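> Have a look at this one before I ask anything.
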Amino acid sequence: MRDQTVQVDDLKLVALPSAINCADLFVRFTLAEWRVESMIPDVRRVTEALITAVVGDANAKSTPTMLLFRLRLSGNTLAIEIEDDRQTPKLAVPRSLAGPNSGVTPLSTGKQLLWAEVPLPKGMDATVVPLPRRGTTRAAAAAAPPPAEIAGADDLSPDVMERILEGLRRDHGEPPRI
(Lines give C-alpha, C1' and ligand atoms only; values in the text may rest on other atoms or scores of the structure.)
Protein backbone atom coordinates (compact mmCIF):
# COMPACT_ATOMS: atom_id res chain seq x y z
CA MET A 1 0.00 0.00 0.00
CA ARG A 2 1.36 3.42 -0.99
CA ASP A 3 1.63 6.14 1.63
CA GLN A 4 -0.43 9.27 1.24
CA THR A 5 1.10 12.00 -0.91
CA VAL A 6 2.15 15.01 1.13
CA GLN A 7 3.45 17.29 -1.64
CA VAL A 8 3.55 17.16 -5.41
CA ASP A 9 4.89 19.49 -8.10
CA ASP A 10 4.79 18.85 -11.81
CA LEU A 11 5.89 20.34 -15.10
CA LYS A 12 4.56 19.75 -18.63
CA LEU A 13 7.37 19.34 -21.18
CA VAL A 14 7.73 18.68 -24.89
CA ALA A 15 9.26 15.23 -25.37
CA LEU A 16 12.51 16.48 -26.91
CA PRO A 17 16.10 16.24 -25.66
CA SER A 18 15.76 19.77 -24.22
CA ALA A 19 13.33 18.27 -21.66
CA ILE A 20 16.35 16.87 -19.80
CA ASN A 21 17.73 20.35 -19.02
CA CYS A 22 14.29 21.75 -18.17
CA ALA A 23 13.59 18.88 -15.78
CA ASP A 24 17.03 19.29 -14.22
CA LEU A 25 16.32 22.95 -13.43
CA PHE A 26 12.90 21.98 -12.06
CA VAL A 27 14.48 19.33 -9.79
CA ARG A 28 17.06 21.74 -8.39
CA PHE A 29 14.48 24.46 -7.78
CA THR A 30 11.85 22.18 -6.25
CA LEU A 31 14.19 20.29 -3.93
CA ALA A 32 15.76 23.55 -2.76
CA GLU A 33 12.26 24.91 -2.11
CA TRP A 34 11.40 21.73 -0.18
CA ARG A 35 14.73 22.07 1.67
CA VAL A 36 16.04 18.62 0.81
CA GLU A 37 19.10 19.81 -1.12
CA SER A 38 21.07 16.71 -0.11
CA MET A 39 18.87 14.69 -2.49
CA ILE A 40 19.58 16.84 -5.56
CA PRO A 41 22.47 14.77 -7.04
CA ASP A 42 20.56 11.46 -6.81
CA VAL A 43 17.28 12.89 -8.08
CA ARG A 44 19.07 14.65 -10.97
CA ARG A 45 20.71 11.35 -12.00
CA VAL A 46 17.41 9.43 -11.85
CA THR A 47 15.54 12.22 -13.68
CA GLU A 48 18.05 12.27 -16.52
CA ALA A 49 17.84 8.48 -16.93
CA LEU A 50 14.01 8.49 -16.93
CA ILE A 51 13.60 11.39 -19.35
CA THR A 52 16.23 9.93 -21.66
CA ALA A 53 14.25 6.66 -21.65
CA VAL A 54 11.07 8.51 -22.65
CA VAL A 55 12.56 10.93 -25.16
CA GLY A 56 15.01 8.39 -26.55
CA ASP A 57 16.36 9.39 -29.90
CA ALA A 58 13.57 11.78 -30.78
CA ASN A 59 12.81 11.59 -34.48
CA ALA A 60 13.07 15.13 -35.88
CA LYS A 61 10.46 14.33 -38.56
CA SER A 62 7.76 13.18 -36.16
CA THR A 63 5.53 15.54 -34.22
CA PRO A 64 6.81 15.76 -30.65
CA THR A 65 4.45 14.64 -27.91
CA MET A 66 4.05 16.00 -24.42
CA LEU A 67 5.16 14.48 -21.18
CA LEU A 68 4.25 15.34 -17.62
CA PHE A 69 7.20 15.33 -15.22
CA ARG A 70 6.22 15.03 -11.56
CA LEU A 71 7.99 15.00 -8.18
CA ARG A 72 5.92 13.50 -5.36
CA LEU A 73 6.73 13.26 -1.64
CA SER A 74 5.10 10.24 -0.09
CA GLY A 75 6.00 8.16 2.95
CA ASN A 76 9.76 7.91 3.17
CA THR A 77 10.41 8.39 -0.56
CA LEU A 78 10.45 10.97 -3.28
CA ALA A 79 8.87 9.57 -6.44
CA ILE A 80 9.97 10.80 -9.85
CA GLU A 81 7.19 10.16 -12.37
CA ILE A 82 6.87 10.77 -16.08
CA GLU A 83 3.55 10.41 -17.90
CA ASP A 84 4.05 9.84 -21.60
CA ASP A 85 1.20 10.75 -23.98
CA ARG A 86 2.09 7.88 -26.31
CA GLN A 87 0.87 4.30 -26.09
CA THR A 88 3.79 3.14 -28.18
CA PRO A 89 6.64 2.52 -28.08
CA LYS A 90 6.36 0.67 -24.80
CA LEU A 91 8.54 2.35 -22.21
CA ALA A 92 11.12 0.43 -20.23
CA VAL A 93 12.90 1.26 -17.00
CA PRO A 94 16.54 2.12 -17.72
CA ARG A 95 18.86 -0.72 -16.77
CA SER A 96 20.68 1.53 -14.26
CA LEU A 97 17.41 2.03 -12.33
CA ALA A 98 15.87 -1.44 -12.61
CA GLY A 99 14.63 -2.85 -9.33
CA PRO A 100 11.71 -2.82 -6.92
CA ASN A 101 11.76 1.01 -6.64
CA SER A 102 11.01 1.65 -10.31
CA GLY A 103 8.59 0.56 -12.98
CA VAL A 104 6.29 1.29 -15.88
CA THR A 105 2.55 1.45 -15.28
CA PRO A 106 -0.01 1.58 -18.10
CA LEU A 107 -2.69 4.17 -17.24
CA SER A 108 -6.40 3.82 -17.99
CA THR A 109 -6.12 6.79 -20.39
CA GLY A 110 -3.77 4.79 -22.60
CA LYS A 111 -0.76 6.77 -21.43
CA GLN A 112 2.27 5.22 -19.74
CA LEU A 113 3.75 6.17 -16.38
CA LEU A 114 7.48 5.63 -15.93
CA TRP A 115 8.54 6.05 -12.31
CA ALA A 116 11.35 5.59 -9.80
CA GLU A 117 11.59 6.26 -6.09
CA VAL A 118 14.51 7.76 -4.19
CA PRO A 119 14.56 7.32 -0.40
CA LEU A 120 14.37 10.46 1.72
CA PRO A 121 17.37 11.17 3.98
CA LYS A 122 17.71 8.91 7.00
CA GLY A 123 15.25 9.72 9.78
CA MET A 124 13.02 11.82 7.53
CA ASP A 125 9.62 11.10 6.05
CA ALA A 126 7.32 13.19 3.86
CA THR A 127 5.41 14.59 6.83
CA VAL A 128 8.52 16.27 8.29
CA VAL A 129 9.89 17.77 5.07
CA PRO A 130 9.80 21.56 5.63
CA LEU A 131 7.54 22.51 2.72
CA PRO A 132 7.17 26.10 1.59
CA ARG A 133 4.04 28.03 2.40
CA ARG A 134 2.34 29.10 -0.78
CA GLY A 135 1.25 32.71 -0.46
CA THR A 136 -1.24 34.75 -2.38
CA THR A 137 -0.59 34.83 -6.10
CA ARG A 138 0.22 38.14 -7.79
CA ALA A 139 -3.06 38.05 -9.72
CA ALA A 140 -5.09 37.55 -6.54
CA ALA A 141 -3.14 40.29 -4.77
CA ALA A 142 -3.72 42.72 -7.65
CA ALA A 143 -7.45 41.97 -7.66
CA ALA A 144 -7.77 42.47 -3.90
CA PRO A 145 -9.11 45.79 -2.66
CA PRO A 146 -6.44 48.25 -1.46
CA PRO A 147 -5.65 48.30 2.25
CA ALA A 148 -7.81 50.66 4.30
CA GLU A 149 -4.96 53.12 4.93
CA ILE A 150 -4.51 53.61 1.17
CA ALA A 151 -8.18 53.53 0.24
CA GLY A 152 -9.00 56.28 2.75
CA ALA A 153 -5.96 58.47 2.14
CA ASP A 154 -6.90 62.03 1.27
CA ASP A 155 -3.32 63.21 0.72
CA LEU A 156 -2.81 61.23 -2.51
CA SER A 157 -3.50 64.08 -4.89
CA PRO A 158 -3.34 63.55 -8.64
CA ASP A 159 -0.14 65.65 -8.68
CA VAL A 160 1.58 63.32 -6.20
CA MET A 161 0.43 60.24 -8.13
CA GLU A 162 1.69 61.73 -11.41
CA ARG A 163 5.14 62.37 -9.88
CA ILE A 164 5.28 58.80 -8.58
CA LEU A 165 4.34 57.41 -11.99
CA GLU A 166 6.87 59.65 -13.72
CA GLY A 167 9.59 58.39 -11.36
CA LEU A 168 8.68 54.81 -12.20
CA ARG A 169 8.78 55.50 -15.95
CA ARG A 170 12.24 57.12 -16.10
CA ASP A 171 15.43 55.25 -16.94
CA HIS A 172 17.82 54.35 -14.11
CA GLY A 173 20.52 56.81 -15.21
CA GLU A 174 18.15 59.70 -15.81
CA PRO A 175 17.88 62.27 -12.99
CA PRO A 176 14.44 62.85 -11.48
CA ARG A 177 12.39 65.77 -12.80
CA ILE A 178 11.24 68.19 -10.14
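For the C-alpha coordinates, the naming scheme is as follows: chains receive sequential letters (A, B, ...) according to their order of presentation, residues are indexed from 1 within each chain, and ligands are indexed from 1 in presentation order.
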Can you check which residues of region 11-131 of chain A DSSP gives as alpha helix (DSSP H) on the backbone and send them as JSON, numbers by chain?
{"A": [18, 19, 20, 21, 22, 23, 24, 25, 26, 27, 28, 29, 30, 31, 32, 33, 40, 41, 42, 43, 44, 45, 46, 47, 48, 49, 50, 51, 52, 53, 54, 55]}
> Store the residues picked out above in a file with N, CA, C and O atoms, as a short mmCIF file (atom, residue, chain, number, x, y, z; two decimals), in the first residue's frame.

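And here is the file that came out, result10.cif:
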data_model
loop_
_atom_site.label_atom_id
_atom_site.label_comp_id
_atom_site.auth_asym_id
_atom_site.auth_seq_id
_atom_site.Cartn_x
_atom_site.Cartn_y
_atom_site.Cartn_z
N SER A 18 15.69 18.59 -25.09
CA SER A 18 15.76 19.77 -24.22
C SER A 18 14.98 19.56 -22.91
O SER A 18 15.20 20.28 -21.93
N ALA A 19 14.09 18.57 -22.87
CA ALA A 19 13.33 18.27 -21.66
C ALA A 19 14.26 17.86 -20.52
O ALA A 19 13.93 18.08 -19.35
N ILE A 20 15.41 17.30 -20.84
CA ILE A 20 16.35 16.87 -19.80
C ILE A 20 16.83 18.08 -19.01
O ILE A 20 16.82 18.08 -17.78
N ASN A 21 17.24 19.15 -19.70
CA ASN A 21 17.73 20.35 -19.02
C ASN A 21 16.61 21.05 -18.26
O ASN A 21 16.82 21.54 -17.15
N CYS A 22 15.43 21.11 -18.85
CA CYS A 22 14.29 21.75 -18.17
C CYS A 22 13.93 21.00 -16.89
O CYS A 22 13.70 21.61 -15.84
N ALA A 23 13.90 19.69 -16.96
CA ALA A 23 13.59 18.88 -15.78
C ALA A 23 14.68 19.02 -14.72
O ALA A 23 14.38 19.05 -13.52
N ASP A 24 15.92 19.13 -15.16
CA ASP A 24 17.03 19.29 -14.22
C ASP A 24 16.87 20.60 -13.43
O ASP A 24 17.03 20.61 -12.21
N LEU A 25 16.55 21.67 -14.12
CA LEU A 25 16.32 22.95 -13.43
C LEU A 25 15.15 22.84 -12.46
O LEU A 25 15.19 23.35 -11.34
N PHE A 26 14.09 22.16 -12.88
CA PHE A 26 12.90 21.98 -12.06
C PHE A 26 13.24 21.19 -10.79
O PHE A 26 12.81 21.52 -9.70
N VAL A 27 14.06 20.14 -10.93
CA VAL A 27 14.48 19.33 -9.79
C VAL A 27 15.25 20.19 -8.80
O VAL A 27 14.97 20.19 -7.60
N ARG A 28 16.24 20.93 -9.29
CA ARG A 28 17.06 21.74 -8.39
C ARG A 28 16.23 22.80 -7.67
O ARG A 28 16.38 23.01 -6.46
N PHE A 29 15.33 23.45 -8.40
CA PHE A 29 14.48 24.46 -7.78
C PHE A 29 13.54 23.85 -6.74
O PHE A 29 13.44 24.33 -5.62
N THR A 30 12.85 22.79 -7.13
CA THR A 30 11.85 22.18 -6.25
C THR A 30 12.48 21.60 -4.99
O THR A 30 11.97 21.83 -3.88
N LEU A 31 13.57 20.89 -5.12
CA LEU A 31 14.19 20.29 -3.93
C LEU A 31 14.81 21.35 -3.02
O LEU A 31 14.81 21.19 -1.80
N ALA A 32 15.29 22.44 -3.60
CA ALA A 32 15.76 23.55 -2.76
C ALA A 32 14.58 24.19 -2.03
O ALA A 32 14.67 24.52 -0.84
N GLU A 33 13.46 24.34 -2.73
CA GLU A 33 12.26 24.91 -2.11
C GLU A 33 11.74 24.00 -1.00
O GLU A 33 11.28 24.47 0.03
N ILE A 40 19.50 16.33 -4.19
CA ILE A 40 19.58 16.84 -5.56
C ILE A 40 20.44 15.97 -6.47
O ILE A 40 20.00 15.61 -7.56
N PRO A 41 21.67 15.58 -6.10
CA PRO A 41 22.47 14.77 -7.04
C PRO A 41 21.79 13.46 -7.45
O PRO A 41 21.76 13.12 -8.64
N ASP A 42 21.21 12.73 -6.49
CA ASP A 42 20.56 11.46 -6.81
C ASP A 42 19.32 11.67 -7.68
O ASP A 42 19.10 10.94 -8.64
N VAL A 43 18.52 12.65 -7.32
CA VAL A 43 17.28 12.89 -8.08
C VAL A 43 17.61 13.39 -9.49
O VAL A 43 16.93 13.02 -10.45
N ARG A 44 18.65 14.19 -9.63
CA ARG A 44 19.07 14.65 -10.97
C ARG A 44 19.48 13.46 -11.83
O ARG A 44 19.11 13.37 -13.01
N ARG A 45 20.24 12.53 -11.25
CA ARG A 45 20.71 11.35 -12.00
C ARG A 45 19.52 10.48 -12.44
O ARG A 45 19.43 10.08 -13.60
N VAL A 46 18.58 10.25 -11.54
CA VAL A 46 17.41 9.43 -11.85
C VAL A 46 16.54 10.14 -12.90
O VAL A 46 16.07 9.52 -13.85
N THR A 47 16.34 11.44 -12.73
CA THR A 47 15.54 12.22 -13.68
C THR A 47 16.12 12.14 -15.08
O THR A 47 15.39 11.90 -16.04
N GLU A 48 17.42 12.33 -15.19
CA GLU A 48 18.05 12.27 -16.52
C GLU A 48 17.85 10.90 -17.16
O GLU A 48 17.51 10.79 -18.35
N ALA A 49 18.01 9.84 -16.39
CA ALA A 49 17.84 8.48 -16.93
C ALA A 49 16.39 8.25 -17.39
O ALA A 49 16.15 7.69 -18.46
N LEU A 50 15.42 8.70 -16.57
CA LEU A 50 14.01 8.49 -16.93
C LEU A 50 13.61 9.30 -18.16
O LEU A 50 12.95 8.78 -19.07
N ILE A 51 13.99 10.56 -18.20
CA ILE A 51 13.60 11.39 -19.35
C ILE A 51 14.29 10.91 -20.61
O ILE A 51 13.69 10.87 -21.68
N THR A 52 15.54 10.48 -20.50
CA THR A 52 16.23 9.93 -21.66
C THR A 52 15.51 8.68 -22.17
O THR A 52 15.37 8.47 -23.38
N ALA A 53 14.99 7.86 -21.25
CA ALA A 53 14.25 6.66 -21.65
C ALA A 53 12.96 7.01 -22.38
O ALA A 53 12.55 6.30 -23.30
N VAL A 54 12.32 8.10 -21.99
CA VAL A 54 11.07 8.51 -22.65
C VAL A 54 11.34 9.20 -23.96
O VAL A 54 10.74 8.89 -24.98
N VAL A 55 12.26 10.14 -23.96
CA VAL A 55 12.56 10.93 -25.16
C VAL A 55 13.31 10.08 -26.17
O VAL A 55 13.04 10.15 -27.37
#
> Find the spatial neighbours of region 61-74 of chain A, counting only C-alpha atoms, within a cut-off of 8 Å - ignore same-chain residues fewer than 4 positions away - and output them as a list in words.
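Here the answer would be Arg2, Asp3, Gln4, Thr5, Val6, Gln7, Val8, Asp9, Asp10, Leu11, Lys12, Leu13, Val14, Ala15, Leu16, Ala23, Val27, Leu78, Ala79, Ile80, Glu81, Ile82, Glu83, Asp84, Asp85, Arg86, Asp125 and Ala126 of chain A.
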> Tell me, in Å to one decimal, how far CA of Thr88 (chain A) is from CA of Pro17 (chain A).
18.2 Å
> Mind giving me the straight-line distance from CA of Pro100 (chain A) to CA of Arg35 (chain A) in Å, one decimal?
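These two atoms are separated by 26.5 Å.
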> So how many Å separate CA of Gly99 (chain A) and CA of Lys122 (chain A), to one decimal?
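Answer for the CA of Gly99 (chain A) to CA of Lys122 (chain A) separation: 20.4 Å.
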> Kindly indicate which residue among A:Val36, A:Leu91, A:Leu120, A:Val129 lies nearest to Thr105 (chain A), using only C-alpha atoms for the distances.
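Counting only C-alpha atoms, the residue closest to Thr105 (chain A) is A:Leu91.
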